[in-house]
>>> print(open('protein.txt').read())   # compact mmCIF, N, CA and C atoms
# COMPACT_ATOMS: atom_id res chain seq x y z
N MET A 1 49.22 -11.79 0.92
CA MET A 1 48.63 -10.51 0.51
C MET A 1 47.36 -10.27 1.31
N ASP A 2 47.19 -9.04 1.80
CA ASP A 2 45.96 -8.67 2.48
C ASP A 2 45.57 -7.24 2.11
N LEU A 3 44.42 -6.81 2.57
CA LEU A 3 43.88 -5.50 2.17
C LEU A 3 44.77 -4.33 2.58
N SER A 4 45.55 -4.50 3.64
CA SER A 4 46.38 -3.39 4.11
C SER A 4 47.59 -3.13 3.21
N THR A 5 47.90 -4.08 2.32
CA THR A 5 49.06 -3.90 1.45
C THR A 5 48.67 -3.47 0.03
N LEU A 6 47.38 -3.38 -0.24
CA LEU A 6 46.94 -3.02 -1.60
C LEU A 6 47.24 -1.56 -1.90
N LYS A 7 47.77 -1.28 -3.12
CA LYS A 7 48.06 0.08 -3.57
C LYS A 7 47.72 0.17 -5.05
N PRO A 8 47.36 1.36 -5.55
CA PRO A 8 47.15 1.51 -6.99
C PRO A 8 48.46 1.27 -7.74
N ALA A 9 48.36 0.89 -9.01
CA ALA A 9 49.54 0.66 -9.83
C ALA A 9 50.33 1.96 -9.97
N LYS A 10 51.63 1.84 -10.19
CA LYS A 10 52.49 3.02 -10.33
C LYS A 10 52.05 3.84 -11.54
N GLY A 11 51.82 5.14 -11.33
CA GLY A 11 51.39 6.04 -12.40
C GLY A 11 49.88 6.10 -12.57
N ALA A 12 49.14 5.31 -11.80
CA ALA A 12 47.69 5.29 -11.93
C ALA A 12 47.05 6.48 -11.24
N THR A 13 47.71 7.09 -10.27
CA THR A 13 47.15 8.24 -9.56
C THR A 13 48.06 9.45 -9.73
N HIS A 14 47.50 10.62 -9.54
CA HIS A 14 48.31 11.85 -9.60
C HIS A 14 47.77 12.85 -8.59
N ALA A 15 48.63 13.78 -8.21
CA ALA A 15 48.27 14.76 -7.18
C ALA A 15 47.23 15.73 -7.72
N LYS A 16 46.35 16.21 -6.85
CA LYS A 16 45.32 17.18 -7.20
C LYS A 16 45.98 18.51 -7.58
N LYS A 17 45.42 19.20 -8.58
CA LYS A 17 45.94 20.50 -9.01
C LYS A 17 45.54 21.56 -8.00
N ARG A 18 46.50 22.19 -7.34
CA ARG A 18 46.20 23.22 -6.33
C ARG A 18 46.28 24.58 -7.00
N VAL A 19 45.11 25.17 -7.29
CA VAL A 19 45.07 26.44 -8.02
C VAL A 19 44.91 27.61 -7.06
N GLY A 20 45.35 28.80 -7.51
CA GLY A 20 45.20 30.02 -6.72
C GLY A 20 46.09 30.05 -5.50
N ARG A 21 47.28 29.44 -5.59
CA ARG A 21 48.20 29.42 -4.46
C ARG A 21 49.49 30.20 -4.78
N GLY A 22 49.35 31.29 -5.49
CA GLY A 22 50.51 32.15 -5.80
C GLY A 22 51.06 31.89 -7.18
N ASN A 23 51.70 32.92 -7.75
CA ASN A 23 52.20 32.82 -9.12
C ASN A 23 53.32 31.81 -9.27
N ALA A 24 54.07 31.58 -8.23
CA ALA A 24 55.18 30.62 -8.32
C ALA A 24 54.69 29.21 -8.58
N SER A 25 53.45 28.92 -8.21
CA SER A 25 52.92 27.57 -8.41
C SER A 25 52.59 27.29 -9.86
N GLY A 26 52.48 28.37 -10.68
CA GLY A 26 52.09 28.19 -12.08
C GLY A 26 50.60 28.26 -12.29
N LYS A 27 49.83 28.25 -11.19
CA LYS A 27 48.36 28.37 -11.30
C LYS A 27 47.89 29.47 -10.35
N GLY A 28 48.57 30.59 -10.34
CA GLY A 28 48.17 31.71 -9.48
C GLY A 28 47.36 32.71 -10.27
N THR A 29 47.20 33.92 -9.78
CA THR A 29 46.46 35.03 -10.39
C THR A 29 45.06 34.63 -10.83
N THR A 30 44.92 34.05 -12.02
CA THR A 30 43.58 33.71 -12.51
C THR A 30 43.20 32.26 -12.19
N ALA A 31 44.10 31.52 -11.59
CA ALA A 31 43.86 30.13 -11.20
C ALA A 31 43.41 29.25 -12.36
N GLY A 32 43.97 29.51 -13.53
CA GLY A 32 43.68 28.67 -14.68
C GLY A 32 42.35 28.94 -15.34
N ARG A 33 41.67 30.04 -14.93
CA ARG A 33 40.35 30.34 -15.50
C ARG A 33 40.39 31.37 -16.61
N GLY A 34 41.51 31.92 -16.93
CA GLY A 34 41.57 33.00 -17.92
C GLY A 34 41.19 34.31 -17.29
N TYR A 35 41.10 35.38 -18.11
CA TYR A 35 40.90 36.71 -17.54
C TYR A 35 39.44 37.11 -17.35
N ASN A 36 38.67 37.10 -18.43
CA ASN A 36 37.28 37.55 -18.30
C ASN A 36 36.32 36.51 -18.86
N GLY A 37 35.05 36.77 -18.69
CA GLY A 37 34.03 35.91 -19.28
C GLY A 37 33.35 35.03 -18.27
N GLN A 38 32.39 34.31 -18.75
CA GLN A 38 31.54 33.51 -17.88
C GLN A 38 32.32 32.47 -17.10
N GLY A 39 33.27 31.82 -17.75
CA GLY A 39 34.01 30.75 -17.10
C GLY A 39 34.93 31.23 -15.99
N SER A 40 35.25 32.52 -15.97
CA SER A 40 36.16 33.04 -14.95
C SER A 40 35.42 33.39 -13.66
N ARG A 41 34.09 33.42 -13.73
CA ARG A 41 33.32 33.91 -12.59
C ARG A 41 32.79 32.76 -11.74
N PRO A 42 32.55 33.04 -10.44
CA PRO A 42 32.04 31.96 -9.59
C PRO A 42 30.64 31.51 -10.04
N GLY A 43 30.44 30.21 -10.10
CA GLY A 43 29.15 29.68 -10.55
C GLY A 43 28.93 29.90 -12.02
N GLY A 44 29.98 30.22 -12.75
CA GLY A 44 29.84 30.59 -14.16
C GLY A 44 29.89 29.43 -15.11
N THR A 45 29.03 28.47 -14.93
CA THR A 45 28.94 27.36 -15.89
C THR A 45 27.49 27.21 -16.32
N LYS A 46 27.31 26.67 -17.50
CA LYS A 46 25.95 26.41 -17.99
C LYS A 46 25.36 25.24 -17.22
N GLY A 47 24.05 25.22 -17.09
CA GLY A 47 23.40 24.11 -16.40
C GLY A 47 23.47 22.84 -17.21
N ALA A 48 23.25 21.73 -16.56
CA ALA A 48 23.23 20.44 -17.26
C ALA A 48 22.11 20.47 -18.29
N GLY A 49 22.39 20.04 -19.49
CA GLY A 49 21.38 20.00 -20.53
C GLY A 49 21.27 21.29 -21.33
N PHE A 50 22.10 22.32 -21.01
CA PHE A 50 22.06 23.56 -21.78
C PHE A 50 22.70 23.32 -23.13
N GLU A 51 22.05 23.78 -24.21
CA GLU A 51 22.53 23.51 -25.56
C GLU A 51 22.80 24.79 -26.32
N GLY A 52 23.42 25.77 -25.67
CA GLY A 52 23.83 27.00 -26.36
C GLY A 52 22.66 27.86 -26.78
N GLY A 53 21.54 27.82 -26.10
CA GLY A 53 20.39 28.64 -26.45
C GLY A 53 19.39 27.89 -27.32
N GLN A 54 19.82 26.81 -27.94
CA GLN A 54 18.91 25.95 -28.71
C GLN A 54 17.95 25.28 -27.73
N THR A 55 16.72 25.02 -28.16
CA THR A 55 15.76 24.35 -27.28
C THR A 55 16.33 22.99 -26.88
N PRO A 56 16.46 22.74 -25.58
CA PRO A 56 17.09 21.50 -25.13
C PRO A 56 16.31 20.25 -25.52
N LEU A 57 17.02 19.15 -25.60
CA LEU A 57 16.43 17.88 -26.02
C LEU A 57 15.23 17.50 -25.15
N TYR A 58 15.34 17.69 -23.83
CA TYR A 58 14.24 17.29 -22.95
C TYR A 58 12.97 18.10 -23.19
N MET A 59 13.08 19.27 -23.81
CA MET A 59 11.90 20.06 -24.15
C MET A 59 11.38 19.76 -25.55
N ARG A 60 12.26 19.22 -26.41
CA ARG A 60 11.85 18.89 -27.78
C ARG A 60 11.08 17.58 -27.84
N LEU A 61 11.34 16.69 -26.90
CA LEU A 61 10.67 15.39 -26.93
C LEU A 61 9.23 15.52 -26.45
N PRO A 62 8.32 14.72 -27.01
CA PRO A 62 6.93 14.80 -26.57
C PRO A 62 6.74 14.20 -25.19
N LYS A 63 5.72 14.68 -24.51
CA LYS A 63 5.39 14.11 -23.21
C LYS A 63 4.66 12.78 -23.42
N LEU A 64 4.76 11.91 -22.46
CA LEU A 64 4.09 10.61 -22.60
C LEU A 64 2.59 10.76 -22.40
N PRO A 65 1.79 10.07 -23.21
CA PRO A 65 0.35 10.19 -23.09
C PRO A 65 -0.19 9.38 -21.91
N GLY A 66 -1.35 9.75 -21.42
CA GLY A 66 -2.04 8.98 -20.41
C GLY A 66 -1.38 9.01 -19.05
N PHE A 67 -1.71 8.03 -18.23
CA PHE A 67 -1.11 7.92 -16.90
C PHE A 67 -1.05 6.46 -16.51
N LYS A 68 -0.30 6.17 -15.46
CA LYS A 68 -0.18 4.81 -14.96
C LYS A 68 -0.93 4.69 -13.65
N ASN A 69 -1.86 3.77 -13.59
CA ASN A 69 -2.65 3.56 -12.39
C ASN A 69 -1.79 2.87 -11.33
N ARG A 70 -1.62 3.53 -10.18
CA ARG A 70 -0.77 2.99 -9.13
C ARG A 70 -1.39 1.75 -8.48
N TRP A 71 -2.70 1.61 -8.54
CA TRP A 71 -3.39 0.53 -7.85
C TRP A 71 -3.87 -0.57 -8.78
N ARG A 72 -3.35 -0.61 -10.01
CA ARG A 72 -3.74 -1.63 -10.98
C ARG A 72 -3.34 -3.01 -10.47
N LYS A 73 -4.22 -3.97 -10.64
CA LYS A 73 -3.91 -5.35 -10.26
C LYS A 73 -3.75 -6.17 -11.53
N GLU A 74 -2.64 -6.84 -11.66
CA GLU A 74 -2.36 -7.68 -12.83
C GLU A 74 -2.66 -9.13 -12.47
N TYR A 75 -3.53 -9.76 -13.23
CA TYR A 75 -3.90 -11.15 -13.00
C TYR A 75 -3.18 -12.03 -14.03
N LEU A 76 -2.71 -13.19 -13.58
CA LEU A 76 -2.12 -14.17 -14.49
C LEU A 76 -3.27 -15.00 -15.07
N ALA A 77 -3.31 -15.09 -16.39
CA ALA A 77 -4.40 -15.80 -17.07
C ALA A 77 -4.07 -17.28 -17.18
N VAL A 78 -5.02 -18.12 -16.76
CA VAL A 78 -4.88 -19.57 -16.89
C VAL A 78 -6.16 -20.08 -17.55
N ASN A 79 -6.02 -20.75 -18.70
CA ASN A 79 -7.18 -21.25 -19.42
C ASN A 79 -7.62 -22.61 -18.90
N VAL A 80 -8.91 -22.92 -19.06
CA VAL A 80 -9.44 -24.20 -18.60
C VAL A 80 -8.79 -25.36 -19.33
N SER A 81 -8.35 -25.15 -20.57
CA SER A 81 -7.67 -26.22 -21.32
C SER A 81 -6.37 -26.62 -20.63
N ARG A 82 -5.68 -25.65 -20.02
CA ARG A 82 -4.43 -25.92 -19.29
C ARG A 82 -4.73 -26.71 -18.01
N LEU A 83 -5.85 -26.38 -17.36
CA LEU A 83 -6.24 -27.12 -16.16
C LEU A 83 -6.61 -28.56 -16.52
N GLU A 84 -7.24 -28.72 -17.66
CA GLU A 84 -7.65 -30.05 -18.15
C GLU A 84 -6.43 -30.96 -18.32
N GLU A 85 -5.35 -30.43 -18.88
CA GLU A 85 -4.19 -31.28 -19.16
C GLU A 85 -3.29 -31.49 -17.93
N LYS A 86 -3.32 -30.58 -16.96
CA LYS A 86 -2.41 -30.67 -15.81
C LYS A 86 -3.01 -31.31 -14.55
N PHE A 87 -4.35 -31.26 -14.39
CA PHE A 87 -4.97 -31.73 -13.15
C PHE A 87 -5.82 -32.97 -13.39
N ASN A 88 -5.99 -33.75 -12.33
CA ASN A 88 -6.86 -34.94 -12.37
C ASN A 88 -8.23 -34.58 -11.79
N ALA A 89 -9.22 -35.41 -12.08
CA ALA A 89 -10.57 -35.17 -11.59
C ALA A 89 -10.58 -35.15 -10.06
N GLY A 90 -11.28 -34.18 -9.47
CA GLY A 90 -11.40 -34.06 -8.02
C GLY A 90 -10.30 -33.23 -7.37
N ASP A 91 -9.31 -32.78 -8.13
CA ASP A 91 -8.23 -31.96 -7.57
C ASP A 91 -8.72 -30.57 -7.20
N VAL A 92 -8.02 -29.96 -6.25
CA VAL A 92 -8.30 -28.57 -5.88
C VAL A 92 -7.28 -27.69 -6.58
N VAL A 93 -7.76 -26.71 -7.32
CA VAL A 93 -6.88 -25.79 -8.05
C VAL A 93 -6.78 -24.49 -7.27
N ASP A 94 -5.60 -24.25 -6.67
CA ASP A 94 -5.35 -22.99 -5.97
C ASP A 94 -3.92 -22.55 -6.28
N GLY A 95 -3.47 -21.47 -5.63
CA GLY A 95 -2.14 -20.94 -5.92
C GLY A 95 -1.03 -21.95 -5.72
N ALA A 96 -1.11 -22.71 -4.62
CA ALA A 96 -0.07 -23.69 -4.31
C ALA A 96 -0.02 -24.81 -5.36
N SER A 97 -1.20 -25.32 -5.75
CA SER A 97 -1.22 -26.42 -6.72
C SER A 97 -0.82 -25.94 -8.12
N LEU A 98 -1.17 -24.70 -8.46
CA LEU A 98 -0.76 -24.15 -9.76
C LEU A 98 0.76 -23.98 -9.82
N LYS A 99 1.36 -23.56 -8.71
CA LYS A 99 2.82 -23.42 -8.66
C LYS A 99 3.49 -24.79 -8.73
N GLU A 100 2.92 -25.75 -8.02
CA GLU A 100 3.46 -27.11 -8.01
C GLU A 100 3.48 -27.72 -9.41
N LYS A 101 2.43 -27.43 -10.19
CA LYS A 101 2.34 -27.98 -11.55
C LYS A 101 3.14 -27.15 -12.58
N GLY A 102 3.72 -26.02 -12.13
CA GLY A 102 4.56 -25.20 -13.01
C GLY A 102 3.77 -24.26 -13.91
N ILE A 103 2.52 -23.99 -13.57
CA ILE A 103 1.69 -23.09 -14.38
C ILE A 103 1.99 -21.63 -14.01
N ILE A 104 2.20 -21.36 -12.71
CA ILE A 104 2.58 -20.01 -12.27
C ILE A 104 3.87 -20.10 -11.46
N LYS A 105 4.55 -18.96 -11.29
CA LYS A 105 5.84 -18.95 -10.58
C LYS A 105 5.69 -18.75 -9.07
N HIS A 106 4.72 -17.95 -8.66
CA HIS A 106 4.55 -17.64 -7.25
C HIS A 106 3.12 -17.97 -6.82
N GLU A 107 2.99 -18.71 -5.73
CA GLU A 107 1.65 -19.16 -5.33
C GLU A 107 0.76 -18.02 -4.85
N ASP A 108 1.34 -16.87 -4.44
CA ASP A 108 0.51 -15.76 -3.98
C ASP A 108 0.17 -14.78 -5.11
N ALA A 109 0.50 -15.12 -6.35
CA ALA A 109 0.16 -14.27 -7.50
C ALA A 109 -1.35 -14.27 -7.72
N LEU A 110 -1.87 -13.17 -8.27
CA LEU A 110 -3.30 -13.08 -8.58
C LEU A 110 -3.58 -13.87 -9.86
N VAL A 111 -4.57 -14.76 -9.80
CA VAL A 111 -4.85 -15.66 -10.93
C VAL A 111 -6.29 -15.50 -11.37
N LYS A 112 -6.49 -15.49 -12.70
CA LYS A 112 -7.84 -15.48 -13.27
C LYS A 112 -7.95 -16.66 -14.23
N VAL A 113 -8.97 -17.47 -14.06
CA VAL A 113 -9.20 -18.61 -14.95
C VAL A 113 -10.09 -18.14 -16.09
N LEU A 114 -9.62 -18.40 -17.31
CA LEU A 114 -10.35 -17.99 -18.51
C LEU A 114 -10.93 -19.22 -19.20
N GLY A 115 -11.92 -19.01 -20.05
CA GLY A 115 -12.68 -20.12 -20.63
C GLY A 115 -12.22 -20.63 -21.97
N ASP A 116 -10.95 -20.43 -22.35
CA ASP A 116 -10.46 -20.91 -23.65
C ASP A 116 -10.20 -22.42 -23.57
N GLY A 117 -10.78 -23.17 -24.46
CA GLY A 117 -10.62 -24.63 -24.47
C GLY A 117 -11.78 -25.34 -23.80
N ASN A 118 -11.63 -26.65 -23.63
CA ASN A 118 -12.68 -27.45 -23.01
C ASN A 118 -12.16 -28.13 -21.76
N ILE A 119 -13.09 -28.47 -20.87
CA ILE A 119 -12.74 -29.18 -19.64
C ILE A 119 -13.77 -30.27 -19.40
N THR A 120 -13.29 -31.47 -19.03
CA THR A 120 -14.18 -32.60 -18.81
C THR A 120 -14.08 -33.13 -17.39
N LYS A 121 -13.10 -32.64 -16.61
CA LYS A 121 -12.88 -33.12 -15.24
C LYS A 121 -13.53 -32.19 -14.23
N ALA A 122 -14.08 -32.78 -13.16
CA ALA A 122 -14.69 -31.99 -12.10
C ALA A 122 -13.58 -31.51 -11.16
N LEU A 123 -13.32 -30.21 -11.18
CA LEU A 123 -12.27 -29.62 -10.35
C LEU A 123 -12.87 -28.60 -9.39
N THR A 124 -12.21 -28.39 -8.26
CA THR A 124 -12.60 -27.32 -7.34
C THR A 124 -11.62 -26.18 -7.54
N ILE A 125 -12.13 -25.05 -8.02
CA ILE A 125 -11.28 -23.91 -8.36
C ILE A 125 -11.33 -22.89 -7.23
N LYS A 126 -10.17 -22.56 -6.64
CA LYS A 126 -10.08 -21.55 -5.59
C LYS A 126 -9.04 -20.52 -6.00
N VAL A 127 -9.46 -19.58 -6.86
CA VAL A 127 -8.54 -18.54 -7.34
C VAL A 127 -9.17 -17.17 -7.14
N ASP A 128 -8.48 -16.13 -7.61
CA ASP A 128 -8.94 -14.76 -7.38
C ASP A 128 -10.12 -14.37 -8.25
N LYS A 129 -10.09 -14.77 -9.52
CA LYS A 129 -11.19 -14.44 -10.44
C LYS A 129 -11.40 -15.57 -11.43
N VAL A 130 -12.64 -15.68 -11.93
CA VAL A 130 -12.98 -16.67 -12.95
C VAL A 130 -13.91 -15.99 -13.94
N SER A 131 -13.64 -16.15 -15.24
CA SER A 131 -14.52 -15.54 -16.23
C SER A 131 -15.85 -16.30 -16.26
N LYS A 132 -16.86 -15.66 -16.80
CA LYS A 132 -18.20 -16.26 -16.83
C LYS A 132 -18.21 -17.53 -17.67
N SER A 133 -17.53 -17.51 -18.83
CA SER A 133 -17.52 -18.70 -19.69
C SER A 133 -16.77 -19.85 -19.02
N ALA A 134 -15.68 -19.55 -18.29
CA ALA A 134 -14.93 -20.59 -17.59
C ALA A 134 -15.77 -21.19 -16.47
N GLN A 135 -16.49 -20.34 -15.76
CA GLN A 135 -17.33 -20.82 -14.65
C GLN A 135 -18.41 -21.75 -15.18
N GLU A 136 -19.03 -21.38 -16.30
CA GLU A 136 -20.07 -22.23 -16.89
C GLU A 136 -19.52 -23.59 -17.30
N LYS A 137 -18.30 -23.60 -17.91
CA LYS A 137 -17.70 -24.86 -18.35
C LYS A 137 -17.33 -25.75 -17.16
N ILE A 138 -16.80 -25.14 -16.10
CA ILE A 138 -16.38 -25.90 -14.91
C ILE A 138 -17.59 -26.50 -14.20
N GLU A 139 -18.64 -25.70 -14.04
CA GLU A 139 -19.83 -26.17 -13.34
C GLU A 139 -20.63 -27.17 -14.18
N ALA A 140 -20.52 -27.07 -15.52
CA ALA A 140 -21.23 -27.99 -16.40
C ALA A 140 -20.68 -29.41 -16.27
N CYS A 141 -19.40 -29.56 -15.95
CA CYS A 141 -18.83 -30.90 -15.81
C CYS A 141 -18.74 -31.34 -14.35
N GLY A 142 -19.46 -30.63 -13.44
CA GLY A 142 -19.55 -31.04 -12.05
C GLY A 142 -18.52 -30.42 -11.12
N GLY A 143 -17.81 -29.43 -11.60
CA GLY A 143 -16.79 -28.77 -10.76
C GLY A 143 -17.40 -27.66 -9.91
N LYS A 144 -16.56 -27.07 -9.04
CA LYS A 144 -17.01 -26.01 -8.14
C LYS A 144 -16.08 -24.83 -8.25
N VAL A 145 -16.62 -23.62 -8.18
CA VAL A 145 -15.81 -22.40 -8.28
C VAL A 145 -15.96 -21.57 -7.02
N GLU A 146 -14.83 -21.22 -6.40
CA GLU A 146 -14.82 -20.35 -5.23
C GLU A 146 -13.85 -19.21 -5.51
N CYS A 147 -14.39 -17.99 -5.72
CA CYS A 147 -13.55 -16.83 -5.99
C CYS A 147 -13.17 -16.13 -4.70
N ARG A 148 -11.89 -15.69 -4.63
CA ARG A 148 -11.42 -14.98 -3.44
C ARG A 148 -11.69 -13.49 -3.56
N ALA A 149 -11.85 -12.99 -4.80
CA ALA A 149 -12.05 -11.53 -4.98
C ALA A 149 -13.43 -11.24 -5.52
>>> encode(input="protein.txt", output="structure tokens")
Amino acid sequence: MDLSTLKPAKGATHAKKRVGRGNASGKGTTAGRGYNGQGSRPGGTKGAGFEGGQTPLYMRLPKLPGFKNRWRKEYLAVNVSRLEEKFNAGDVVDGASLKEKGIIKHEDALVKVLGDGNITKALTIKVDKVSKSAQEKIEACGGKVECRA
């Protein structure tokens, strides 16, 4: 079997209805549109979403509030308590090491270190942002903070 032998199942397809090809065809004169009225005329159909003169659904629904900032930057939050349990003293914490330890999925993601929890190890932090409380805790135990942003 190959692609050149494939065919639809018997009865699965049917010939297109050829309208307006003379009365002998059975679809002549009015071509199946009836005699008068909107449906008999060219372009004589209601637009998509027309509800018989009733206010359409898309106009009845409320508009969404506010707006979405196209340039918003989303930072992944990493707490100092997580760094305490995953890293050893003297380690460098950056995108690659965070990905290696399974804390973030992509090493080029924007990361912000937050100050929830305690830290006792001296680490070198090289991330995009660090909160003030996290920076104080890291520097208090002899660590270093280098922000990229």
>>> residues_around(input="protein.txt", residues="Glu84 (chain A)", least_positions_apart="2", cutoff="8 Å", atoms="all atoms listed in the file", output="list in words")
Asn79, Val80, Ser81, Arg82, Lys86, Phe87, Asn88, Asn118, Ile119, Thr120 and Lys121 of chain A
>>> write_last_selection(input="protein.txt", atoms="N, CA and C atoms", output="compact mmCIF listing (two decimals), keeping the file's coordinate frame")
# COMPACT_ATOMS: atom_id res chain seq x y z
N ASN A 79 -6.02 -20.75 -18.70
CA ASN A 79 -7.18 -21.25 -19.42
C ASN A 79 -7.62 -22.61 -18.90
N VAL A 80 -8.91 -22.92 -19.06
CA VAL A 80 -9.44 -24.20 -18.60
C VAL A 80 -8.79 -25.36 -19.33
N SER A 81 -8.35 -25.15 -20.57
CA SER A 81 -7.67 -26.22 -21.32
C SER A 81 -6.37 -26.62 -20.63
N ARG A 82 -5.68 -25.65 -20.02
CA ARG A 82 -4.43 -25.92 -19.29
C ARG A 82 -4.73 -26.71 -18.01
N LYS A 86 -3.32 -30.58 -16.96
CA LYS A 86 -2.41 -30.67 -15.81
C LYS A 86 -3.01 -31.31 -14.55
N PHE A 87 -4.35 -31.26 -14.39
CA PHE A 87 -4.97 -31.73 -13.15
C PHE A 87 -5.82 -32.97 -13.39
N ASN A 88 -5.99 -33.75 -12.33
CA ASN A 88 -6.86 -34.94 -12.37
C ASN A 88 -8.23 -34.58 -11.79
N ASN A 118 -11.63 -26.65 -23.63
CA ASN A 118 -12.68 -27.45 -23.01
C ASN A 118 -12.16 -28.13 -21.76
N ILE A 119 -13.09 -28.47 -20.87
CA ILE A 119 -12.74 -29.18 -19.64
C ILE A 119 -13.77 -30.27 -19.40
N THR A 120 -13.29 -31.47 -19.03
CA THR A 120 -14.18 -32.60 -18.81
C THR A 120 -14.08 -33.13 -17.39
N LYS A 121 -13.10 -32.64 -16.61
CA LYS A 121 -12.88 -33.12 -15.24
C LYS A 121 -13.53 -32.19 -14.23
>>> atom_distance(input="protein.txt", atom1="CA of Gly143 (chain A)", atom2="CA of Ile125 (chain A)")
7.7 Å
>>> atom_distance(input="protein.txt", atom1="atom C of Gly47 (chain A)", atom2="atom C of Met59 (chain A)")
15.0 Å
>>> atom_distance(input="protein.txt", atom1="atom N of Tyr35 (chain A)", atom2="CA of Gly52 (chain A)")
20.9 Å
>>> select_by_dssp(input="protein.txt", residues="chain A", states="strand (DSSP E or B)", output="compact mmCIF listing (two decimals) with N, CA and C atoms, in the frame of the given file")
# COMPACT_ATOMS: atom_id res chain seq x y z
N GLU A 51 22.05 23.78 -24.21
CA GLU A 51 22.53 23.51 -25.56
C GLU A 51 22.80 24.79 -26.32
N GLN A 54 19.82 26.81 -27.94
CA GLN A 54 18.91 25.95 -28.71
C GLN A 54 17.95 25.28 -27.73
N LEU A 76 -2.71 -13.19 -13.58
CA LEU A 76 -2.12 -14.17 -14.49
C LEU A 76 -3.27 -15.00 -15.07
N ALA A 77 -3.31 -15.09 -16.39
CA ALA A 77 -4.40 -15.80 -17.07
C ALA A 77 -4.07 -17.28 -17.18
N VAL A 78 -5.02 -18.12 -16.76
CA VAL A 78 -4.88 -19.57 -16.89
C VAL A 78 -6.16 -20.08 -17.55
N ASN A 79 -6.02 -20.75 -18.70
CA ASN A 79 -7.18 -21.25 -19.42
C ASN A 79 -7.62 -22.61 -18.90
N VAL A 92 -8.02 -29.96 -6.25
CA VAL A 92 -8.30 -28.57 -5.88
C VAL A 92 -7.28 -27.69 -6.58
N VAL A 93 -7.76 -26.71 -7.32
CA VAL A 93 -6.88 -25.79 -8.05
C VAL A 93 -6.78 -24.49 -7.27
N VAL A 111 -4.57 -14.76 -9.80
CA VAL A 111 -4.85 -15.66 -10.93
C VAL A 111 -6.29 -15.50 -11.37
N LYS A 112 -6.49 -15.49 -12.70
CA LYS A 112 -7.84 -15.48 -13.27
C LYS A 112 -7.95 -16.66 -14.23
N VAL A 113 -8.97 -17.47 -14.06
CA VAL A 113 -9.20 -18.61 -14.95
C VAL A 113 -10.09 -18.14 -16.09
N LEU A 114 -9.62 -18.40 -17.31
CA LEU A 114 -10.35 -17.99 -18.51
C LEU A 114 -10.93 -19.22 -19.20
N THR A 124 -12.21 -28.39 -8.26
CA THR A 124 -12.60 -27.32 -7.34
C THR A 124 -11.62 -26.18 -7.54
N ILE A 125 -12.13 -25.05 -8.02
CA ILE A 125 -11.28 -23.91 -8.36
C ILE A 125 -11.33 -22.89 -7.23
N LYS A 126 -10.17 -22.56 -6.64
CA LYS A 126 -10.08 -21.55 -5.59
C LYS A 126 -9.04 -20.52 -6.00
N VAL A 127 -9.46 -19.58 -6.86
CA VAL A 127 -8.54 -18.54 -7.34
C VAL A 127 -9.17 -17.17 -7.14
N LYS A 129 -10.09 -14.77 -9.52
CA LYS A 129 -11.19 -14.44 -10.44
C LYS A 129 -11.40 -15.57 -11.43
N VAL A 130 -12.64 -15.68 -11.93
CA VAL A 130 -12.98 -16.67 -12.95
C VAL A 130 -13.91 -15.99 -13.94
N LYS A 144 -16.56 -27.07 -9.04
CA LYS A 144 -17.01 -26.01 -8.14
C LYS A 144 -16.08 -24.83 -8.25
N VAL A 145 -16.62 -23.62 -8.18
CA VAL A 145 -15.81 -22.40 -8.28
C VAL A 145 -15.96 -21.57 -7.02
N GLU A 146 -14.83 -21.22 -6.40
CA GLU A 146 -14.82 -20.35 -5.23
C GLU A 146 -13.85 -19.21 -5.51
N CYS A 147 -14.39 -17.99 -5.72
CA CYS A 147 -13.55 -16.83 -5.99
C CYS A 147 -13.17 -16.13 -4.70
>>> closest_residue(input="protein.txt", among="A:Pro8, A:Lys126, A:Tyr75, A:Ala24", to="Val92 (chain A)", atoms="only C-alpha atoms")
A:Lys126
>>> closest_residue(input="protein.txt", among="A:Leu83, A:Ala109, A:Met1, A:Leu114", to="Ser133 (chain A)", atoms="all atoms listed in the file")
A:Leu114
>>> residues_around(input="protein.txt", residues="Gly95 (chain A)", least_positions_apart="4", cutoff="8 Å", atoms="only C-alpha atoms", output="JSON, numbers by chain")
{"A": [99, 104, 106, 107, 108, 109, 111, 126, 127]}
>>> select_by_dssp(input="protein.txt", residues="chain A", states="alpha helix (DSSP H)", output="ChimeraX atom specification")
/A:57-60,80-86,95-100,132-140
>>> closest_residue(input="protein.txt", among="A:Ala15, A:Leu76, A:Val130, A:Leu64", to="Gly115 (chain A)", atoms="only N, CA and C atoms")
A:Val130
>>> closest_residue(input="protein.txt", among="A:Gly28, A:Ala89, A:Gly43, A:Asp128", to="Lys73 (chain A)", atoms="only C-alpha atoms")
A:Asp128
>>> closest_residue(input="protein.txt", among="A:Lys129, A:Ala134, A:Glu146, A:Leu123", to="Asp91 (chain A)", atoms="only N, CA and C atoms")
A:Leu123
>>> residues_around(input="protein.txt", residues="Ala48 (chain A)", least_positions_apart="4", cutoff="12 Å", atoms="only C-alpha atoms", output="ChimeraX atom specification")
/A:52,56-58
>>> write_last_selection(input="protein.txt", atoms="N, CA and C atoms", output="PDB file, keeping the file's coordinate frame")
ATOM      1  N   GLY A  52      23.420  25.770 -25.670  1.00  0.00           N
ATOM      2  CA  GLY A  52      23.830  27.000 -26.360  1.00  0.00           C
ATOM      3  C   GLY A  52      22.660  27.860 -26.780  1.00  0.00           C
ATOM      4  N   PRO A  56      16.460  22.740 -25.580  1.00  0.00           N
ATOM      5  CA  PRO A  56      17.090  21.500 -25.130  1.00  0.00           C
ATOM      6  C   PRO A  56      16.310  20.250 -25.520  1.00  0.00           C
ATOM      7  N   LEU A  57      17.020  19.150 -25.600  1.00  0.00           N
ATOM      8  CA  LEU A  57      16.430  17.880 -26.020  1.00  0.00           C
ATOM      9  C   LEU A  57      15.230  17.500 -25.150  1.00  0.00           C
ATOM     10  N   TYR A  58      15.340  17.690 -23.830  1.00  0.00           N
ATOM     11  CA  TYR A  58      14.240  17.290 -22.950  1.00  0.00           C
ATOM     12  C   TYR A  58      12.970  18.100 -23.190  1.00  0.00           C
TER      13      TYR A  58
END
>>> closest_residue(input="protein.txt", among="A:Ala12, A:Gly142, A:Lys112, A:Ala122", to="Val78 (chain A)", atoms="all atoms listed in the file")
A:Lys112
